[in-house]
Every structure is written in structure tokens, then in C-alpha cells.
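Colleague: Dropping in start.txt, which is compact mmCIF, C-alpha atoms:
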# COMPACT_ATOMS: atom_id res chain seq x y z
CA MET A 15 109.05 119.08 115.06
CA GLN A 16 108.38 115.40 115.36
CA LEU A 17 105.78 113.92 117.69
CA THR A 18 105.57 110.21 118.31
CA TYR A 19 102.49 109.12 120.21
CA HIS A 20 100.53 106.09 121.28
CA ILE A 21 97.00 105.99 122.64
CA ASP A 22 96.58 103.29 125.26
CA ARG A 23 92.82 102.80 125.58
CA GLN A 24 93.18 100.19 128.33
CA GLN A 25 95.22 102.45 130.62
CA ARG A 26 93.42 105.57 129.36
CA TYR A 27 96.69 107.33 128.57
CA ILE A 28 98.15 109.15 125.59
CA LEU A 29 101.93 108.82 125.49
CA GLU A 30 103.72 111.57 123.58
CA LEU A 31 107.39 112.10 122.71
CA LEU A 32 108.28 115.49 121.18
CA ALA A 33 111.57 116.08 119.39
CA GLY A 34 113.09 118.83 117.30
CA GLN A 35 112.14 122.47 117.05
CA VAL A 36 108.77 123.12 118.71
CA THR A 37 106.87 126.29 117.84
CA THR A 38 103.35 127.45 118.61
CA GLU A 39 102.30 126.94 114.99
CA ASN A 40 103.63 123.41 114.55
CA THR A 41 102.35 122.35 117.99
CA MET A 42 98.80 123.46 117.20
CA HIS A 43 99.00 121.71 113.80
CA ILE A 44 100.24 118.43 115.29
CA PHE A 45 97.67 118.36 118.09
CA GLN A 46 94.83 118.91 115.63
CA GLN A 47 96.03 115.73 113.89
CA ILE A 48 96.05 113.79 117.17
CA TRP A 49 92.50 114.96 117.94
CA GLU A 50 91.42 113.43 114.60
CA ASP A 51 92.74 109.99 115.61
CA PRO A 52 89.66 107.77 116.17
CA ALA A 53 91.25 106.36 119.35
CA TYR A 54 91.67 109.84 120.88
CA ASP A 55 89.58 110.68 123.93
CA PRO A 56 89.93 114.08 125.68
CA GLU A 57 89.27 112.34 129.01
CA PHE A 58 92.48 110.27 128.70
CA ASN A 59 95.49 111.36 130.73
CA ILE A 60 98.60 112.56 128.90
CA PHE A 61 102.25 111.63 129.47
CA MET A 62 104.41 114.03 127.44
CA ASP A 63 108.20 113.69 127.17
CA ILE A 64 109.75 116.93 125.85
CA ARG A 65 113.37 116.20 126.82
CA GLU A 66 114.36 115.95 123.13
CA ALA A 67 112.43 119.09 122.15
CA ASP A 68 113.88 122.51 121.40
CA VAL A 69 110.99 124.75 122.40
CA GLN A 70 111.05 128.01 120.43
CA MET A 71 108.22 129.98 122.07
CA THR A 72 107.98 133.29 123.78
CA GLU A 73 105.71 133.80 126.78
CA ALA A 74 103.15 135.47 124.49
CA GLU A 75 103.26 132.53 122.06
CA LEU A 76 102.80 130.07 124.92
CA MET A 77 99.75 132.02 126.08
CA GLN A 78 98.42 131.95 122.49
CA MET A 79 98.84 128.17 122.42
CA ILE A 80 97.11 127.76 125.81
CA GLN A 81 94.21 129.90 124.58
CA PHE A 82 94.01 127.75 121.44
CA PHE A 83 93.85 124.57 123.54
CA ASP A 84 91.21 126.10 125.85
CA GLN A 85 88.98 126.88 122.85
CA GLN A 86 89.10 123.34 121.41
CA SER A 87 86.41 120.91 122.45
CA MET A 88 88.82 118.02 121.79
CA SER A 89 91.58 119.42 124.00
CA SER A 90 92.46 117.22 126.96
CA ARG A 91 90.59 117.76 130.19
CA ALA A 92 92.57 115.18 132.13
CA LYS A 93 95.81 114.82 134.08
CA VAL A 94 98.98 115.85 132.21
CA VAL A 95 102.49 114.69 133.11
CA ILE A 96 105.33 116.59 131.42
CA LEU A 97 108.87 115.19 131.49
CA ILE A 98 111.37 118.06 131.07
CA GLU A 99 115.11 118.62 131.20
CA ALA A 100 116.35 121.88 129.66
CA PRO A 101 115.96 125.27 131.41
CA ILE A 102 113.82 126.99 128.74
CA GLU A 103 111.44 124.05 128.48
CA THR A 104 111.24 123.93 132.29
CA THR A 105 110.35 127.62 132.48
CA LEU A 106 107.69 127.32 129.78
CA ALA A 107 106.29 124.15 131.35
CA PHE A 108 105.93 125.95 134.70
CA MET A 109 104.08 128.76 132.94
CA TYR A 110 101.84 126.21 131.19
CA GLN A 111 101.19 124.46 134.50
CA LYS A 112 100.13 127.75 136.10
CA GLU A 113 97.77 128.83 133.30
CA VAL A 114 95.98 125.65 132.25
CA GLN A 115 92.60 124.87 133.78
CA PRO A 116 90.96 122.50 134.71
CA GLN A 117 93.86 120.15 133.97
CA THR A 118 96.17 118.88 136.66
CA VAL A 119 99.68 119.37 135.27
CA LYS A 120 102.69 117.85 137.03
CA LEU A 121 106.28 118.45 135.92
CA PHE A 122 109.14 115.97 136.31
CA ASN A 123 112.77 115.75 135.25
CA ASP A 124 113.15 112.07 136.13
CA LEU A 125 111.51 109.41 133.96
CA GLU A 126 110.99 106.91 136.80
CA ASP A 127 109.35 109.53 139.04
CA ALA A 128 107.09 110.67 136.21
CA LEU A 129 106.05 107.11 135.36
CA THR A 130 105.37 106.32 139.02
CA TYR A 131 103.15 109.40 139.39
CA ALA A 132 101.33 108.52 136.17
CA GLY A 133 100.82 104.91 137.26
CA LEU A 134 102.70 103.66 134.21
CA ASP A 135 105.71 101.40 133.82
CA LEU A 136 108.78 101.52 131.59
CA GLU A 137 107.37 98.82 129.31
CA THR A 138 104.33 101.00 128.63
CA TYR A 139 106.56 104.03 127.93
CA ASP A 140 108.78 102.01 125.57
CA VAL A 141 105.84 101.51 123.20
CA LEU A 142 106.86 104.94 121.82
CA ASN A 143 109.87 103.18 120.30
CA SER A 144 107.80 100.46 118.66
CA ASP A 145 105.67 99.99 115.56
CA LEU A 146 102.57 100.59 117.72
CA ALA A 147 103.38 104.31 117.95
CA THR A 148 102.39 106.91 115.35
CA THR A 149 104.86 109.60 114.27
CA LEU A 150 103.70 112.99 112.98
CA THR A 151 105.97 115.69 111.54
CA ALA A 152 105.29 119.39 111.20
Translate this structure into C-alpha cells?
Modeller:
Amino acid sequence: MQLTYHIDRQQRYILELLAGQVTTENTMHIFQQIWEDPAYDPEFNIFMDIREADVQMTEAELMQMIQFFDQQSMSSRAKVVILIEAPIETTLAFMYQKEVQPQTVKLFNDLEDALTYAGLDLETYDVLNSDLATTLTA
């Protein structure tokens, strides 16, 4: 799994792009690294693009990951936008949306719609393809 992210302190957003095989174990490992970033703030909103991800989780593993996030003091407590495309990722994202509290989770399959809802623009999103973004691998 590869996660490229950028923390935009001015807009109070964390932009995330996940690619490759995503499992419960590597997701928890990667997010612990993000939480250690000095710029990270759990009150910042999250924009997560998982269109390039191959999510390899069962329902039970997803619930385990949600429980892990719920138990972490650094886990986000803000609005989460998830950009999805493939059927399995869509199903798991719907399950995540249903189970996560107190976050507001919105799911989109169109980049422009997701950016509009998030109050972001394409230029802001494109920072994930620049030297300003950080890439983690698990």
C-alpha cells in the first residue's frame, strides 16, 4: 500500500491518495505514521481518494479497523470525504460510513462533486502530485 498525503493547515484539510493493496494491518500502520506528523490535527477534515486502491478487507477486518480508529485519541473527529470507484471499495466505504461516529462521512465517485462538497478546488487536490506531498509505504 502506498499513501500520499498533504496537510493543508490553511484550509484545515488532510488530502490523502491511497494506492495498491490495502489491508487492515497496513492501513493502521500508515495512519499511525500520519498521526505522528507535527502538522496533523484530528480536527482537520479529510479528503481521501481510494480509486487506485485494491482494498483487501473482510467485513470483520473493516470493523476491527473502525474499532482501532475509535480507540485512538489522534483519530480524526472531523468531516471525511471518500472518493471511490470500484464495487468492493464502495461496499466497504458504505459500511465505514454507517459505523463511524461522530464523523460525517460522505462518499463520491466523481472528483469534481467530491471537491465541491469539500470546498476544495482541483489545484488544491493536485498538490498530491507535487513535492509538497509526503508518500508512505507499508
Colleague: If I take atom CA of A:Val69 and atom CA of A:Val36, how far is one from the other in Å, to one decimal?
Modeller: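 Atom CA of A:Val36 lies 4.6 Å from atom CA of A:Val69.
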Colleague: Set the distance at 9 Å and use all atoms listed in the file: which residues neighbour A:Thr149 once local chain neighbours fewer than 5 positions away are removed? I'd like the list as a PyMOL selection string.
Modeller: chain A and resi 16-20
Colleague: May I have the residues at most 10 Å from (109.4, 117.8, 138.6) in the file's coordinates, counting all atoms listed in the file, as a PyMOL selection string?
Modeller: chain A and resi 95-99+104+108+120-125+127-128
Colleague: Next, the residues of the selection above should be written as a PDB file, in the coordinates of the input with C-alpha atoms.
Modeller:
ATOM      1  CA  VAL A  95     102.490 114.690 133.110  1.00  0.00           C
ATOM      2  CA  ILE A  96     105.330 116.590 131.420  1.00  0.00           C
ATOM      3  CA  LEU A  97     108.870 115.190 131.490  1.00  0.00           C
ATOM      4  CA  ILE A  98     111.370 118.060 131.070  1.00  0.00           C
ATOM      5  CA  GLU A  99     115.110 118.620 131.200  1.00  0.00           C
ATOM      6  CA  THR A 104     111.240 123.930 132.290  1.00  0.00           C
ATOM      7  CA  PHE A 108     105.930 125.950 134.700  1.00  0.00           C
ATOM      8  CA  LYS A 120     102.690 117.850 137.030  1.00  0.00           C
ATOM      9  CA  LEU A 121     106.280 118.450 135.920  1.00  0.00           C
ATOM     10  CA  PHE A 122     109.140 115.970 136.310  1.00  0.00           C
ATOM     11  CA  ASN A 123     112.770 115.750 135.250  1.00  0.00           C
ATOM     12  CA  ASP A 124     113.150 112.070 136.130  1.00  0.00           C
ATOM     13  CA  LEU A 125     111.510 109.410 133.960  1.00  0.00           C
ATOM     14  CA  ASP A 127     109.350 109.530 139.040  1.00  0.00           C
ATOM     15  CA  ALA A 128     107.090 110.670 136.210  1.00  0.00           C
TER      16      ALA A 128
END
Colleague: Need to verify the contact set: A:Tyr54, 9 Å, all atoms listed in the file, exclusion of same-chain residues closer than 6 positions in sequence. Can you return it as a VMD selection string?
Modeller: chain A and resid 21 23 28 48 88
Colleague: A:Gln24, A:Thr105, A:Gln111, A:Ser89: which is nearest A:Met71, counting all atoms listed in the file?
Modeller: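 The shortest atom-to-atom distance to A:Met71 comes from A:Thr105.
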Colleague: Write out as a list in words each polymer residue whose atoms come within 10 Å of A:Leu134, counting all atoms listed in the file; drop sequence neighbours fewer than 5 positions from it.
Modeller: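 Within the cut-off, the hits are Gln25, Tyr27, Phe61, Glu126, Ala128, Leu129 and Tyr139 of chain A.
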Colleague: One decimal, Å: what's the distance from atom CA of A:Ala67 over to atom CA of A:Leu31, could you say?
Modeller: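 Taking atom CA of A:Ala67 as the start and atom CA of A:Leu31 as the end point, the length is 8.6 Å.
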Colleague: With distances taken over only C-alpha atoms, which of A:Ala107, A:Tyr131, A:Ser87, A:Ala100 is nearest to A:Glu50?
Modeller: A:Ser87
Colleague: Find the smallest box with edges along x, y and z containing every listed atom of stretch 29-39 of chain A, then add 8 Å on each side and report centre and edge lengths in Å to one decimal, as lines of an AutoDock Vina configuration file.
Modeller:
center_x = 107.5
center_y = 118.1
center_z = 120.2
size_x = 27.2
size_y = 34.6
size_z = 26.5
Colleague: Report the distance between atom CA of A:Phe83 and atom CA of A:Asp140 in Å, rounded to one decimal place.
Modeller: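 Between these atoms lies a distance of 27.1 Å.
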Colleague: Counting all atoms listed in the file, what is within 12 Å of A:Glu39, bar same-chain residues fewer than 2 positions away, as a list in words?
Modeller: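 Non-adjacent residues within range: Met15, Gln35, Val36, Thr37, Thr41, Met42, His43, Ile44, Phe45, Gln46, Val69, Gln70, Met71, Glu75, Leu76, Gln78, Met79, Phe82 and Ala152 of chain A.
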Colleague: Which is closer to A:Glu103 than all the others in A:Ala147, A:Leu136, A:Met77, A:Ile64, using all atoms listed in the file?
Modeller: A:Ile64
Colleague: Between A:Met62, A:Leu150, A:Ala132, A:Val141, which has the minimum distance to A:Arg26 (counting only C-alpha atoms)?
Modeller: A:Ala132
Colleague: Hey, which of A:Asp135, A:Asp68, A:Glu57, A:Glu73 ends up closest to A:Lys93? Count only C-alpha atoms.
Modeller: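 Between A:Asp135, A:Asp68, A:Glu57, A:Glu73, the residue approaching A:Lys93 most closely is A:Glu57.
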Colleague: Kindly indicate which residue among A:Ile60, A:Ala74, A:Leu29, A:Ile80 lies nearest to A:Thr118, using only C-alpha atoms for the distances.
Modeller: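 Ranking A:Ile60, A:Ala74, A:Leu29, A:Ile80 by distance to A:Thr118, first place goes to A:Ile60.
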